[in-house]
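Quick notes on the structure that follows.
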Amino acid sequence: MSDPGLLLEGVSAAYGRTPVLRGIDLTVAPGELLVVLGPSGAGKSTVLRVVAGLEPVTAGRVHIAGRDVTTDRPGRRNVSMVFQSYALFPHLSVADNIAFGLEVRDTPRAVARQRARAAAESVGCAALLDRRPGQLSGGERQRVALARALVREPDVFLLDEPLSNLDLALRTEMRTELRALHDRLGATMVHVTHDQTEALVLADRIAVLRDGRIEQVDTPDAIWHRPASAFVARFVGSPAMNLLPASGPFTPSGSAPPGLAAAEELQIGFRPGAVTLRAADDEAGGSAAVVDRVEVVGEDAYAYLTLAGGPPVVARVPADRRPVRGAAVRAEVRWADVHVFHAGSGLRYSPS
Amino acid sequence: MRPDSRSRRQLVMMLMPYLIGLLVLVLLPAVITLALAFTEYDLLRPPRWAGLANFSELIDDPIFRVALTNSLVFALVAVPLRVLFALGLALLLHRRALGVGSARSAAMLPTAVPEIAYGLLWLWLLNPLYGPINQVLRTGGENGLTMLGRTPPQWLTDPTDARAAIIAMSLFTMGETFVVLLAARRALPRDVYEMAALEDATGWDVFRRVTLPLMAPVLGLLLVRDAVQSLHFTFVPALVVTDGGPPPYATTYLSLFVYRNGFEYLRYGYAAAATLVMILLTVAAVVVQWRLIRRYRAFYRL
Amino acid sequence: MMRLKALLALLLCTMLAATGCGSGSTSPGGAPVRLLVFGAPEELAAYRTLVDAYSKARPGTDVQLVEASDRKDLLARLATSVAGGAPPDLFLMNYRFYGQFAAKDVVEPLDDRIAGSSAIDPGDYYPVAMDAFKWGGKQLCLPQNVSSLAVYYNRTLFQKYGVAEPKAGWTWNDMITTATAMTRDPAGRVIKGTESEGAALRPALYGLGVEPSIIRLAPFVWSNGGEIVDDPARPTRLTLDTPAAREALKNLVDLRLAYGVVPTDEDVEAEDDESRFANGRLAMVLSSRRATTTFRTITGFEWDVAPLPVYRGQVGVLHSDAYCMTRGSKNKDAAWKFLEFAIAEEGQKIIAATGRTVPSHIAVSTSAAFLGPAQPPRTAKVFLDAIPAVRALPTVSTWPEIEDATGGILENALYRGDKLDDVIRDLDEQTRPLFARGEHG
């Protein structure tokens with residue numbers, strides 16, 4: 001079996017005395033696009049900076065393409081990085097910016113130029129080669145930063161929230177392009193974002209980070225359908241998954257998983273889309289609830305419900321069939337759509 | 001009243017005290033001085049029109065020529081050295097580390113000392129026999145020689161050493177330049193340097209390809225400023241420390257030449273003519289440097 | 001708009017007030033007389049003593065000392081304050097430097113006031129000093145002192161090493177012999193100072209201190225029968241190329257290069273001659289009476305003065321400072337009252353007691369106030385004996401420039417050993433334009 005593109009073994013890091021990463025184990029296969037997802041302060045960027053060598057580790061090892069690079073300086077790791085701010089050199093032309101790394105490494109100028117042009121073409125910014133960063137739009141800068149990252153053909157690409165400074169339309173477009181670029185290059189990429197949609201769309205696999213620890217590493221499908229913890233379940237998906245005590249007052253319909261009642265305290269979770277709303281007098285079942293608030297987002301509407309004597313619940317309904325505020329309804333969820341978590345640890349409950 | 005013209009009026013009002021001061025205290029005396037350059041004036045009797053006589057005498061005056069050469073050489077050597085010295089210190093001290101704060105204060109300190117006191121301090125430092133500089137240079141040597149068996153620099157009696165001493169004195173008053181460069185360096189984005197580190201740029205490459213070009217506009221401005229100021233840096237040291245010597249006129253700079261003629265020999269008109277030459281030189285230097293800077297900016301920033 | 005007008009009005013007012021203040025300052029009766037002086041701290045203390053005595057003798061009158069840091073500073077202050085229309089009422093100046101002010105009509109002639117004074121009789125004063133301050137036939141300033149160059153020597157060291165003390169009538173060669181015998185290494189052995197340039201030991205004691213300047217050279221040129229300028233009344237050039245002058249100059253230069261009895265330039269920069277003498281590291285030093293106030297603070301050894309050595313005849317060079325009144329003074333009567341006090345017997349006695357002056361008042365100079373043995377030098381009479389043979393340097397308005405220009409050349413001649421022919425030629429060439437520009441009294 002070939003070496004993984006990137007391997008972190010028990011990596012910890014700290015800013016001063018504050019631990020930021022607490023024992024990260026992570027394997028990225030060659031050619032894989034891994035997205036590191038998590039809320040602010042979870043240590044996502046630190047993962048990249050530790051891989052790049054911009055931050056030292058306090059424990060653990062970092063391997064890139066089979067080499068242990070833990071103590072190597074950044075320039076020796078053969079990684080390239082796209083910064084959130086792009087970090088373009090304002091005094092250099094686009095061509096010189098892209099060729100910077102080559103020229104520093106004493107590549108002949110003509111060769112460096114030619115490779116810079118090729119890199120620029122591959123991200124569609126060849127027309128900008130003679131301009132300066134100050135004359136470029138945000139999206140153009142983004143492309144230049146990408147071209148600079150890929151001109152050197154590194155072992156690993158590190159992308160630190162590269163799309164977060166773009167407006168929504170451009171972000172969507174660049175997201176698609178980025179994925180296409182990855183597929184074309186077959187490069188190992190680690191992409192950091194706090195945007196769960198971006199993560200779901202881009203990733204081969206997603207690593208969800210929380211307080212310096214990995215909560216779950218898995219494919220977007222698995223993250224969505226089988227979240228390993230209540231945290232992952234709530235973080236992925238918008239509006240977030242409903243989370244209620246399993247003991248009531250809300251009881252899903254159908255047959256509960258075996259052994260559920262015997263277990264310790266549990267929580268049940270279900271996405272807003274899994275909720276079916278019915279009229280209050282509908283005999284088909286469901287728990288009685290009152291509509292607090294309704295938000296319409298295009299074709300969908302989100303109804304915020306208060307269950308009788310229980311916590312709030314969000315339900316997604318077609319916009320044309322949304323209830324009015326204050327209406328009494330019945331909400332029903334089938335056990336098949338329900339995730340069960342341990343209330344204390346937040347881990348997914350699996351009946352033994 | 002349109003808000004535009006109102007804010008402009010406010011601006012004028014706020015600038016007024018400065019403008020009046022500039023006019024009365026700087027521009028008016030400057031214009032008068034320039035006018036006096038064309039007269040014979042001894043401060044005591046009314047000035048008499050002399051046409052270009054002062055200037056033709058300046059051309060023939062060997063002392064003036066020496067002073068002019070000394071000033072130009074000083075500017076060419078001391079101004080770049082000062083800025084380089086300040087840049088070196090700023091790059092050394094821009095990070096947070098143990099002792100950096102005190103080191104920064106130490107770098108600023110000579111600038112805060114009054115000029116005459118600073119001159120007297122150096123007079124002591126440079127004392128050929130009892131001064132600490134030569135005492136240190138003599139450690140390990142015998143019979144008043146250095147460890148290498150050579151005579152220590154004769155700061156106050158050898159022309160070249162004395163000029164070097166004046167330049168050295170001007171180097172340590174670069175506190176302001178240092179502060180400006182320190183601020184400029186600290187304002188540079190961190191991620192650009194991280195980028196350079198990822199591309200394995202070494203210290204020299206980072207300096208040459210990143211730091212220097214990014215700081216170049218500030219460096220350019222400081223060079224212009226120091227060039228303008230350089231005619232004045234030399235005055236107190238030459239007056240207090242070397243008295244224009246060693247003989248005959250090794251450290252007689254234009255500023256001292258002007259002072260002596262104007263206030264010691266009561267040849268104010270003649271001194272004014274020399275001042276005019278000094279101002280023209282300054283303007284020329286500024287124009288040349290300004291053009292270089294503009295070309296640089298056009299090249300890098302557009 | 002209103003605010004702008006108010007601001008302008010305010011500004012105009014302050015400007016008017018300022019100019020009003022500048023022009024309308026005719027001084028009221030009680031304004032102090034301002035006296036501009038410079039000197040070492042001990043000299044300034046002497047002037048303060050005089051001013052205090054005056055205030056005590058004439059209550060209600062007030063004299064304010066304006067102290068400049070050195071001679072050049074005094075010249076600059078005087079010139080700028082005259083140009084600015086607010087000169088001091090009195091200033092004290094050497095006759096070598098007053099020419100540029102005399103020529104420019106800045107000094108008030110005193111003949112009428114002297115004639116009308118009951119306190120001052122010109123006949124009471126040494127004529128050589130009075131004459132030095134006449135310009136165009138008018139008495140411009142009144143001299144407070146009449147000094148000549150003398151040899152100060154460290155009597156304690158002479159006795160310690162058993163070297164004969166200098167005495168009247170000694171020759172230049174005697175001086176060289178004496179100075180050579182007094183140049184000693186740290187162990188007290190006689191050492192040849194010329195060897196000290198290289199790796200050999202530096203003398204711990206030098207024999208003689210002399211400043212390489214035209215005023216130090218002049219008395220020896222005269223004594224040797226030469227002249228320093230072509231025409232003392234209307235000089236046009238230096239005449240150091242005559243054999244007599246050349247010999248005197250060569251002998252002066254040889255003190256360093258041939259005999260090594262004077263400190264090197266490095267030594268002088270490290271410690272000037274007066275400090276070196278006061279610190280006991282210099283056996284003899286040529287200076288005027290001025291040095292006395294400073295040397296009286298010496299406690300470590302006994303010192304005395306001797307006359308200058310001679311070539312053919314005893315000749316001294318005049319050192320004299322005088323009180324001058326500015327023409328622009330707004331307080332002339334009060335200034336004259338102080339001047340009368342300072343110049344007349346009482347004032348001369350007070351300042352003589354401080355050691356600063358050889359009184360220009362003949363009677364005071366021969367009184368105990370000057371000759372009294374209370375304080376060194378014991379042989380103060382040396383100064384009086386020199387007066388009959390004392391000569392004045394030419395007074396020409398560009399003299400300060402001439403001293404500066406010749407000073408540099410002579411310094412290099414003494415310390416660097418420039419060729420004598422070049423030195424004499426440079427001295428002549430560089431001073432000719434200065435003489436040409438000069439004005440005479």
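Chains: A, B, ... in order of the structure tokens. Residues: from 1 per chain. Ligands: from 1, in order shown.
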Practice task
Specify as a list in words all residues of chain A found within 6 Å of chain B, counting only C-alpha atoms.
Solution key: Pro74, Gly75, Ala87, His91, Gly101 and Val104 of chain A
What would the file look like if the residues just selected were written as a PDB file, in the first residue's frame with N, CA, C and O atoms?
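Output (selection39.pdb):
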```pdb
ATOM      1  N   PRO A  74       9.319  25.113   7.089  1.00  0.00           N
ATOM      2  CA  PRO A  74       8.223  25.147   6.106  1.00  0.00           C
ATOM      3  C   PRO A  74       8.697  24.919   4.675  1.00  0.00           C
ATOM      4  O   PRO A  74       8.090  24.149   3.930  1.00  0.00           O
ATOM      5  N   GLY A  75       9.792  25.570   4.324  1.00  0.00           N
ATOM      6  CA  GLY A  75      10.240  25.510   2.945  1.00  0.00           C
ATOM      7  C   GLY A  75      10.685  24.131   2.505  1.00  0.00           C
ATOM      8  O   GLY A  75      10.816  23.858   1.318  1.00  0.00           O
ATOM      9  N   ALA A  87      -2.387  36.668   0.625  1.00  0.00           N
ATOM     10  CA  ALA A  87      -0.959  36.955   0.846  1.00  0.00           C
ATOM     11  C   ALA A  87      -0.190  37.134  -0.447  1.00  0.00           C
ATOM     12  O   ALA A  87       0.907  36.610  -0.618  1.00  0.00           O
ATOM     13  N   HIS A  91       4.040  44.263  -4.407  1.00  0.00           N
ATOM     14  CA  HIS A  91       5.000  44.936  -5.272  1.00  0.00           C
ATOM     15  C   HIS A  91       5.361  44.112  -6.499  1.00  0.00           C
ATOM     16  O   HIS A  91       6.138  44.551  -7.328  1.00  0.00           O
ATOM     17  N   GLY A 101       8.021  31.396  -5.844  1.00  0.00           N
ATOM     18  CA  GLY A 101       8.616  30.216  -5.219  1.00  0.00           C
ATOM     19  C   GLY A 101       9.651  29.560  -6.111  1.00  0.00           C
ATOM     20  O   GLY A 101      10.673  29.062  -5.637  1.00  0.00           O
ATOM     21  N   VAL A 104      12.822  31.853  -6.086  1.00  0.00           N
ATOM     22  CA  VAL A 104      13.563  31.720  -4.842  1.00  0.00           C
ATOM     23  C   VAL A 104      14.383  30.429  -4.871  1.00  0.00           C
ATOM     24  O   VAL A 104      15.489  30.370  -4.367  1.00  0.00           O
TER      25      VAL A 104
END
```
Exercise for the section: Would you mind listing what lies within 9 Å of Gly285 of chain A as a VMD selection string, with only C-alpha atoms counted and same-chain residues fewer than 3 positions away left out? Expected result: chain A and resid 253 278 282 330 to 332
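If only C-alpha atoms are the atoms counted, then among B:Val240, B:Met169, B:Met13, B:Leu27 the closest residue to Leu120 of chain B is B:Val240.
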Practice task
Show me which bits of chain C are within 6 Å of chain B, counting only C-alpha atoms, as a PyMOL selection string.
Solution key: chain C and resi 75-76+83+199+270+408
Problem - Long-range neighbours of Leu52 of chain B as a list in words, 9 Å cut-off, only C-alpha atoms, 2 positions minimum in chain - result: Ala37, Phe38, Thr39, Ala50, Asn54, Phe55, Ser56 and Glu57 of chain B
Exercise for the section: Give the answer as one residue: which of A:Gly23, A:Pro162, A:Gly31, A:Gly53 has the shortest atom-to-atom distance to Phe83 of chain A, using only C-alpha atoms? Expected result: A:Pro162
Problem - Test item, strand (DSSP E or B) assignment across segment 98-337 of chain A, answer as a PyMOL selection string - result: chain A and resi 156-160+188-193+205-210+213-218+229+242-245+253+266-270+276-279+287-297+300-307+312-318+328-332+334
Problem - Separation of atom CA of Gln289 of chain B from atom CA of Ser230 of chain B, in Å and rounded to one decimal - result: 14.3 Å
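Distance-wise, atom CA of Thr239 of chain C and atom CA of Thr251 of chain B end up 29.0 Å apart.
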Fill in the blank from the handout: What separates atom CA of Val277 of chain B and atom CA of Leu76 of chain B is a distance of 17.3 Å
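Near Ser350 of chain A, within a cut-off of 12 Å and counting only C-alpha atoms, sit the residues Arg226, Pro227, Ala228, Ser229, Pro257, Pro258, Gly259, Leu260, Ala263, Leu266, His339, Val340, Phe341 and His342 of chain A, with same-chain residues fewer than 5 positions away left out.
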